[in-house]
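J.: Okay, handing you the structure first.
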Amino acid sequence: MSNPLLVGVYQPGTSLLHRLPVGAKLGGLGVLSLTIVAVRDARAAVVFLAVAVALALVGRIGLRMLARTTRSVLLIAVIAGAVQWWVSGPAKAVETLLDLVSLALAAIAVSATTPVNAILDSLVRWISPLRRIGVDPDRVAMTIGLAVQALPGTVALALETRDAARARGLGRHPRAYLTPFVIRVVARAHETGDALAARGVGDD
Amino acid sequence: MPIVFDAAGLTVEAPDGPRVILEPTTVELVERRIGVIGANGSGKSTLARMINGLVTPSTGQVVVDGYDVTRQGREVRRRVGFCFTDPAAQLVMPTCVEDVELSLRRTVKDARQRRQRALDVLTRHGLAEHADVSVHALSGGQKQLLALAGVLAVEPAVLVADEPTTLLDLANTRRVADLLFGLDQQVVLVTHDLDLARRCDRVLVVADAAVRYDGPADAAVDHYLQSVTA
């Protein structure tokens with residue numbers, strides 16, 4: 001099952017970003033993202049983009065990976081930019097476009113240099129104090145792990161369903177693939193639930 | 001480990017009235033290799049799923065090693081591992097080693113020990129080099145082997161496998177089959193592969209929501225073949 005979106009986003013390495021603790025990376029990503037969203041200025045957007053590109057370079061993320069992962073975001077950013085141009089003018093459009101690309105680049109820089117497992121382990125550590133009020137950290141971590149893991153599977157289902165609709169010459173009707181797609185996603189969720197129950201997850 | 005079906009059946013309410021998924025069934029399964037064959041939709045999977053409580057009977061009861069599957073599901077699931085047809089649905093963590101670790105969470109509390117055990121399990125199943133690889137990057141055969149590794153990691157006494165080779169090519173079917181038939185565990189194998197069914201000690205033929213034949217493998221498979229060709 002090849003997947004264009006998320007498989008192998010993590011790239012092992014020894015760059016500064018790879019060696020930074022998970023908390024610093026996630027915290028930094030949070031602060032940077034909030035700043036990008038909060039500061040409403042086209043000139044600042046250029047600076048943010050430069051920062052995000054610098055991060056990607058420090059993390060030694062390959063060009064091909066960057067192109068592959070930013071392509072879909074770029075499409076959305078261009079559409080959003082075009083809408084903004086029409087509604088609020090060119091400055092706002094440039095800001096929207098650059099901000100979205102910067103956010104994506106910064107997120108990729110963190111994902112490409114941090115294994116999912118390390119993020120989950122840190123998460124379990126951080127929310128452990130909440131155990132006292134009845135939160136099960138392992139279960140929270142597993143829920144997030146499941147969500148991460150479900151994304152490529154869901155994309156694969158979407159592609160399969162689209163191909164099936166095309167093969168029957170129904171490609172132009174969204175209903176012809178959206179309906180079976182939603183049904184298959186729900187069915188997959190049931191199967192995954194069965195698999196978790198069968199493995200005794202939730203029994204303790 | 002005895003698996004006892006005591007008049008266990010399942011009827012569900014459908015819009016057009018009650019629908020019988022499995023008629024009340026009484027069997028006692030003690031053989032090491034038990035095959036279940038029959039048509040699509042005949043009730044095979046329901047029968048298999050009742051053994052670990054994924055499906056609970058609406059009448060009668062299923063008892064595994066003295067534990068009632070409906071009321072003591074947790075105890076039963078510690079003893080009964082379950083392998084599904086589509087490995088993509090049962091691999092739930094991002095990487096191979098993490099998926100095996102998920103199985104071990106209940107039994108191995110220390111994270112480092114758990115990782116080491118998971119790596120040992122992968123090594124035993126020839127998947128060590130894929131430990132940190134995304135489960136999506138594996139081939140279909142490797143995925144099923146990983147799914148089995150995850151289930152067997154906690155050393156259940158019984159393994160129920162619901163058409164584990166249906167999606168696999170010949171070479172991978174053989175690998176999975178050799179693994180299943182080489183296990184110390186008691187195995188309940190639901191399958192469409194009649195060659196595999198013939199390797200069992202006892203085979204149940206399920207048709208129209210009931211066990212229609214129950215006996216030695218060759219006789220049961222021949223019965224099934226005749227029922228289809230007749």
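Ordering of the structure tokens sets the chain letters (A, B, ...), residue numbers begin anew at 1 in every chain, and ligands are numbered from 1 in the order given.
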For the strand (DSSP E) assignment from backbone DSSP, which residues of segment 120-187 of chain B qualify? Please present them as a PyMOL selection string.
T.: chain B and resi 158-162+186-187
J.: Give me a file of those residues, with C-alpha atoms, as a compact mmCIF listing (two decimals), in the first residue's frame.
T.:
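Output (part_15.txt):
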```
# COMPACT_ATOMS: atom_id res chain seq x y z
CA VAL B 158 -5.83 -20.75 22.01
CA LEU B 159 -5.47 -18.94 18.69
CA VAL B 160 -8.58 -18.27 16.63
CA ALA B 161 -7.73 -17.26 13.05
CA ASP B 162 -10.52 -15.95 10.82
CA GLN B 186 -4.66 -24.93 20.19
CA VAL B 187 -5.75 -23.41 16.86
```
J.: Segment 35-64 of chain A: which residues are helix (DSSP H, G or I) by DSSP, as a ChimeraX atom specification?
T.: /A:35-38,42-58,63-64
J.: How about saving the chosen residues, C-alpha atoms kept, as a PDB file, in the first residue's frame?
T.:
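Below is the file that was written, part-v5.pdb:
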```
ATOM      1  CA  THR A  35       2.952  33.696  16.532  1.00  0.00           C
ATOM      2  CA  ILE A  36       2.439  33.051  12.822  1.00  0.00           C
ATOM      3  CA  VAL A  37      -1.317  33.028  13.294  1.00  0.00           C
ATOM      4  CA  ALA A  38      -1.404  35.993  15.703  1.00  0.00           C
ATOM      5  CA  ALA A  42       2.548  40.499   5.242  1.00  0.00           C
ATOM      6  CA  ARG A  43       6.164  41.548   5.967  1.00  0.00           C
ATOM      7  CA  ALA A  44       6.245  39.415   9.096  1.00  0.00           C
ATOM      8  CA  ALA A  45       4.884  36.517   7.027  1.00  0.00           C
ATOM      9  CA  VAL A  46       8.045  36.668   4.871  1.00  0.00           C
ATOM     10  CA  VAL A  47      10.192  36.487   8.011  1.00  0.00           C
ATOM     11  CA  PHE A  48       8.187  33.507   9.297  1.00  0.00           C
ATOM     12  CA  LEU A  49       8.635  31.722   6.002  1.00  0.00           C
ATOM     13  CA  ALA A  50      12.383  32.323   6.211  1.00  0.00           C
ATOM     14  CA  VAL A  51      12.392  30.897   9.762  1.00  0.00           C
ATOM     15  CA  ALA A  52      10.434  27.821   8.646  1.00  0.00           C
ATOM     16  CA  VAL A  53      12.735  27.218   5.674  1.00  0.00           C
ATOM     17  CA  ALA A  54      15.735  27.621   7.985  1.00  0.00           C
ATOM     18  CA  LEU A  55      14.242  24.985  10.310  1.00  0.00           C
ATOM     19  CA  ALA A  56      13.769  22.579   7.419  1.00  0.00           C
ATOM     20  CA  LEU A  57      17.391  23.156   6.380  1.00  0.00           C
ATOM     21  CA  VAL A  58      18.709  22.656   9.927  1.00  0.00           C
ATOM     22  CA  LEU A  63      14.042  18.520  -1.069  1.00  0.00           C
ATOM     23  CA  ARG A  64      11.944  15.697  -2.452  1.00  0.00           C
TER      24      ARG A  64
END
```
J.: Could you list, as a PyMOL selection string, every residue of chain B that has an atom within 9 Å of an atom of chain A, counting only C-alpha atoms?
T.: chain B and resi 52-54+73-74+77-78+80-84+86+88-95+98+102-103+105-106+133-140+150-151
J.: Take the residues that were just selected and, keeping N, CA and C atoms, output them as an mmCIF file, in the first residue's frame.
T.:
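Output file out10.cif follows:
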```cif
data_model
loop_
_atom_site.group_PDB
_atom_site.id
_atom_site.type_symbol
_atom_site.label_atom_id
_atom_site.label_comp_id
_atom_site.auth_asym_id
_atom_site.auth_seq_id
_atom_site.Cartn_x
_atom_site.Cartn_y
_atom_site.Cartn_z
ATOM 1 N N ASN B 52 -14.004 -15.700 21.561
ATOM 2 C CA ASN B 52 -13.318 -14.727 22.430
ATOM 3 C C ASN B 52 -14.219 -13.562 22.829
ATOM 4 N N GLY B 53 -15.522 -13.703 22.599
ATOM 5 C CA GLY B 53 -16.435 -12.687 23.098
ATOM 6 C C GLY B 53 -16.575 -11.465 22.215
ATOM 7 N N LEU B 54 -16.003 -11.477 21.013
ATOM 8 C CA LEU B 54 -16.223 -10.352 20.091
ATOM 9 C C LEU B 54 -17.694 -10.295 19.708
ATOM 10 N N GLY B 73 -15.279 -11.971 29.964
ATOM 11 C CA GLY B 73 -14.575 -11.702 28.712
ATOM 12 C C GLY B 73 -13.095 -11.437 28.900
ATOM 13 N N ARG B 74 -12.754 -10.711 29.951
ATOM 14 C CA ARG B 74 -11.357 -10.371 30.159
ATOM 15 C C ARG B 74 -10.502 -11.625 30.364
ATOM 16 N N ARG B 77 -10.190 -13.440 27.029
ATOM 17 C CA ARG B 77 -9.290 -12.836 26.044
ATOM 18 C C ARG B 77 -7.825 -12.976 26.431
ATOM 19 N N ARG B 78 -7.540 -13.230 27.717
ATOM 20 C CA ARG B 78 -6.159 -13.513 28.105
ATOM 21 C C ARG B 78 -5.722 -14.872 27.579
ATOM 22 N N VAL B 80 -7.361 -16.469 24.812
ATOM 23 C CA VAL B 80 -7.680 -16.663 23.401
ATOM 24 C C VAL B 80 -7.156 -15.483 22.572
ATOM 25 N N GLY B 81 -6.234 -15.774 21.652
ATOM 26 C CA GLY B 81 -5.779 -14.747 20.711
ATOM 27 C C GLY B 81 -6.619 -14.834 19.455
ATOM 28 N N PHE B 82 -6.736 -13.698 18.741
ATOM 29 C CA PHE B 82 -7.597 -13.691 17.558
ATOM 30 C C PHE B 82 -6.863 -13.007 16.413
ATOM 31 N N CYS B 83 -6.866 -13.673 15.260
ATOM 32 C CA CYS B 83 -6.224 -13.090 14.087
ATOM 33 C C CYS B 83 -7.265 -12.878 12.993
ATOM 34 N N PHE B 84 -7.318 -11.641 12.444
ATOM 35 C CA PHE B 84 -8.345 -11.288 11.465
ATOM 36 C C PHE B 84 -7.857 -11.506 10.026
ATOM 37 N N ASP B 86 -8.016 -9.264 7.465
ATOM 38 C CA ASP B 86 -7.328 -8.109 6.906
ATOM 39 C C ASP B 86 -6.349 -7.543 7.920
ATOM 40 N N ALA B 88 -4.506 -5.099 7.795
ATOM 41 C CA ALA B 88 -4.495 -3.632 7.861
ATOM 42 C C ALA B 88 -5.413 -3.134 8.969
ATOM 43 N N ALA B 89 -6.472 -3.886 9.251
ATOM 44 C CA ALA B 89 -7.427 -3.445 10.267
ATOM 45 C C ALA B 89 -6.938 -3.748 11.673
ATOM 46 N N GLN B 90 -6.063 -4.742 11.822
ATOM 47 C CA GLN B 90 -5.686 -5.103 13.187
ATOM 48 C C GLN B 90 -4.318 -4.581 13.598
ATOM 49 N N LEU B 91 -3.570 -4.014 12.674
ATOM 50 C CA LEU B 91 -2.328 -3.361 13.062
ATOM 51 C C LEU B 91 -2.684 -1.929 13.411
ATOM 52 N N VAL B 92 -2.560 -1.579 14.665
ATOM 53 C CA VAL B 92 -3.129 -0.304 15.098
ATOM 54 C C VAL B 92 -2.093 0.737 15.492
ATOM 55 N N MET B 93 -0.825 0.356 15.598
ATOM 56 C CA MET B 93 0.172 1.354 15.966
ATOM 57 C C MET B 93 1.034 1.706 14.751
ATOM 58 N N PRO B 94 1.743 2.855 14.816
ATOM 59 C CA PRO B 94 2.473 3.325 13.627
ATOM 60 C C PRO B 94 3.586 2.391 13.141
ATOM 61 N N THR B 95 4.406 1.877 14.048
ATOM 62 C CA THR B 95 5.512 1.038 13.579
ATOM 63 C C THR B 95 5.364 -0.386 14.116
ATOM 64 N N GLU B 98 6.137 -1.031 17.793
ATOM 65 C CA GLU B 98 5.121 -0.423 18.659
ATOM 66 C C GLU B 98 3.847 -1.255 18.676
ATOM 67 N N LEU B 102 2.144 -2.887 21.996
ATOM 68 C CA LEU B 102 0.757 -2.676 22.419
ATOM 69 C C LEU B 102 0.191 -3.953 23.041
ATOM 70 N N SER B 103 0.495 -5.100 22.407
ATOM 71 C CA SER B 103 0.022 -6.374 22.959
ATOM 72 C C SER B 103 0.614 -6.636 24.333
ATOM 73 N N ARG B 105 1.608 -4.505 26.602
ATOM 74 C CA ARG B 105 1.358 -3.492 27.628
ATOM 75 C C ARG B 105 0.793 -4.090 28.916
ATOM 76 N N ARG B 106 -0.117 -5.040 28.747
ATOM 77 C CA ARG B 106 -0.808 -5.591 29.898
ATOM 78 C C ARG B 106 0.122 -6.433 30.765
ATOM 79 N N VAL B 133 9.946 0.280 11.073
ATOM 80 C CA VAL B 133 9.316 0.627 9.806
ATOM 81 C C VAL B 133 7.811 0.807 10.036
ATOM 82 N N SER B 134 7.201 1.719 9.267
ATOM 83 C CA SER B 134 5.751 1.908 9.342
ATOM 84 C C SER B 134 5.045 0.611 8.959
ATOM 85 N N VAL B 135 3.980 0.274 9.684
ATOM 86 C CA VAL B 135 3.263 -0.963 9.360
ATOM 87 C C VAL B 135 2.674 -0.896 7.948
ATOM 88 N N HIS B 136 2.510 0.324 7.424
ATOM 89 C CA HIS B 136 1.941 0.467 6.083
ATOM 90 C C HIS B 136 2.950 0.125 4.995
ATOM 91 N N ALA B 137 4.228 0.122 5.369
ATOM 92 C CA ALA B 137 5.258 -0.117 4.363
ATOM 93 C C ALA B 137 5.500 -1.613 4.148
ATOM 94 N N LEU B 138 4.862 -2.472 4.952
ATOM 95 C CA LEU B 138 5.068 -3.915 4.826
ATOM 96 C C LEU B 138 4.229 -4.479 3.680
ATOM 97 N N SER B 139 4.646 -5.639 3.168
ATOM 98 C CA SER B 139 3.820 -6.342 2.186
ATOM 99 C C SER B 139 2.667 -7.030 2.908
ATOM 100 N N GLY B 140 1.674 -7.479 2.140
ATOM 101 C CA GLY B 140 0.515 -8.133 2.746
ATOM 102 C C GLY B 140 0.904 -9.316 3.623
ATOM 103 N N GLY B 150 1.986 -10.154 16.920
ATOM 104 C CA GLY B 150 1.395 -9.338 17.970
ATOM 105 C C GLY B 150 0.454 -10.141 18.842
ATOM 106 N N VAL B 151 -0.319 -11.017 18.211
ATOM 107 C CA VAL B 151 -1.282 -11.824 18.961
ATOM 108 C C VAL B 151 -0.561 -12.881 19.794
#
```
J.: Which distance in Å separates atom CA of Ala153 of chain B and atom CA of Leu119 of chain B, to one decimal?
T.: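 One can read the atom CA of Ala153 of chain B to atom CA of Leu119 of chain B distance as 10.4 Å.
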J.: Please provide the set of residues having any atom within 9 Å of Leu145 of chain B, restricted to only C-alpha atoms, with same-chain residues fewer than 4 positions apart removed, written as a PyMOL selection string.
T.: chain B and resi 87+125-127+140-141+149-150+172+175-176+179
J.: Do a neighbour search on segment 77-92 of chain A at 12 Å with only C-alpha atoms, toss out local chain neighbours closer than 6 positions, and write the hits as an MDAnalysis selection string.
T.: chainID A and resid 39:46 70:71 98:104
J.: Suppose we keep N, CA and C atoms; can you now write the selection as a CSV table (one decimal), in the first residue's frame?
T.:
```csv
chain,number,residue,atom,x,y,z
A,39,VAL,N,0.3,37.2,14.4
A,39,VAL,CA,0.8,38.4,13.8
A,39,VAL,C,0.3,38.6,12.5
A,40,ARG,N,-0.5,39.7,12.3
A,40,ARG,CA,-1.2,39.9,11.0
A,40,ARG,C,-0.5,40.9,10.2
A,41,ASP,N,0.5,40.5,9.5
A,41,ASP,CA,1.3,41.4,8.7
A,41,ASP,C,2.1,40.7,7.6
A,42,ALA,N,2.0,41.2,6.4
A,42,ALA,CA,2.5,40.5,5.2
A,42,ALA,C,4.1,40.4,5.3
A,43,ARG,N,4.7,41.6,5.9
A,43,ARG,CA,6.2,41.5,6.0
A,43,ARG,C,6.6,40.5,7.0
A,44,ALA,N,5.9,40.4,8.1
A,44,ALA,CA,6.2,39.4,9.1
A,44,ALA,C,6.1,38.0,8.5
A,45,ALA,N,5.1,37.8,7.6
A,45,ALA,CA,4.9,36.5,7.0
A,45,ALA,C,6.1,36.1,6.3
A,46,VAL,N,6.8,37.0,5.6
A,46,VAL,CA,8.0,36.7,4.9
A,46,VAL,C,9.1,36.2,5.8
A,70,THR,N,4.6,19.3,1.0
A,70,THR,CA,4.0,20.6,0.9
A,70,THR,C,3.0,20.8,-0.2
A,71,ARG,N,3.1,19.9,-1.2
A,71,ARG,CA,2.3,20.0,-2.4
A,71,ARG,C,0.8,20.3,-2.1
A,98,LEU,N,1.7,32.7,2.6
A,98,LEU,CA,3.0,32.4,3.2
A,98,LEU,C,2.8,31.8,4.6
A,99,ASP,N,1.8,32.3,5.3
A,99,ASP,CA,1.6,31.8,6.7
A,99,ASP,C,1.3,30.3,6.6
A,100,LEU,N,0.4,29.9,5.7
A,100,LEU,CA,0.0,28.5,5.6
A,100,LEU,C,1.2,27.6,5.3
A,101,VAL,N,2.0,28.1,4.3
A,101,VAL,CA,3.2,27.3,3.9
A,101,VAL,C,4.2,27.2,5.1
A,102,SER,N,4.3,28.4,5.8
A,102,SER,CA,5.3,28.4,6.9
A,102,SER,C,4.8,27.4,8.0
A,103,LEU,N,3.5,27.4,8.3
A,103,LEU,CA,3.0,26.4,9.3
A,103,LEU,C,3.3,25.0,8.9
A,104,ALA,N,3.1,24.7,7.6
A,104,ALA,CA,3.3,23.3,7.1
A,104,ALA,C,4.8,23.0,7.2
```
J.: As an exercise, work out the distance from atom CA of Val55 of chain B to atom CA of Arg199 of chain B in Å and give it to one decimal place.
T.: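 Atom CA of Arg199 of chain B lies 27.1 Å from atom CA of Val55 of chain B.
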J.: If we count only C-alpha atoms, what is near segment 24-40 of chain B at a cut-off of 6 Å, once residues fewer than 6 positions away on the same chain are taken out, given as an NGL selection string?
T.: :B and (2-9 or 186-191 or 197 or 200-207)
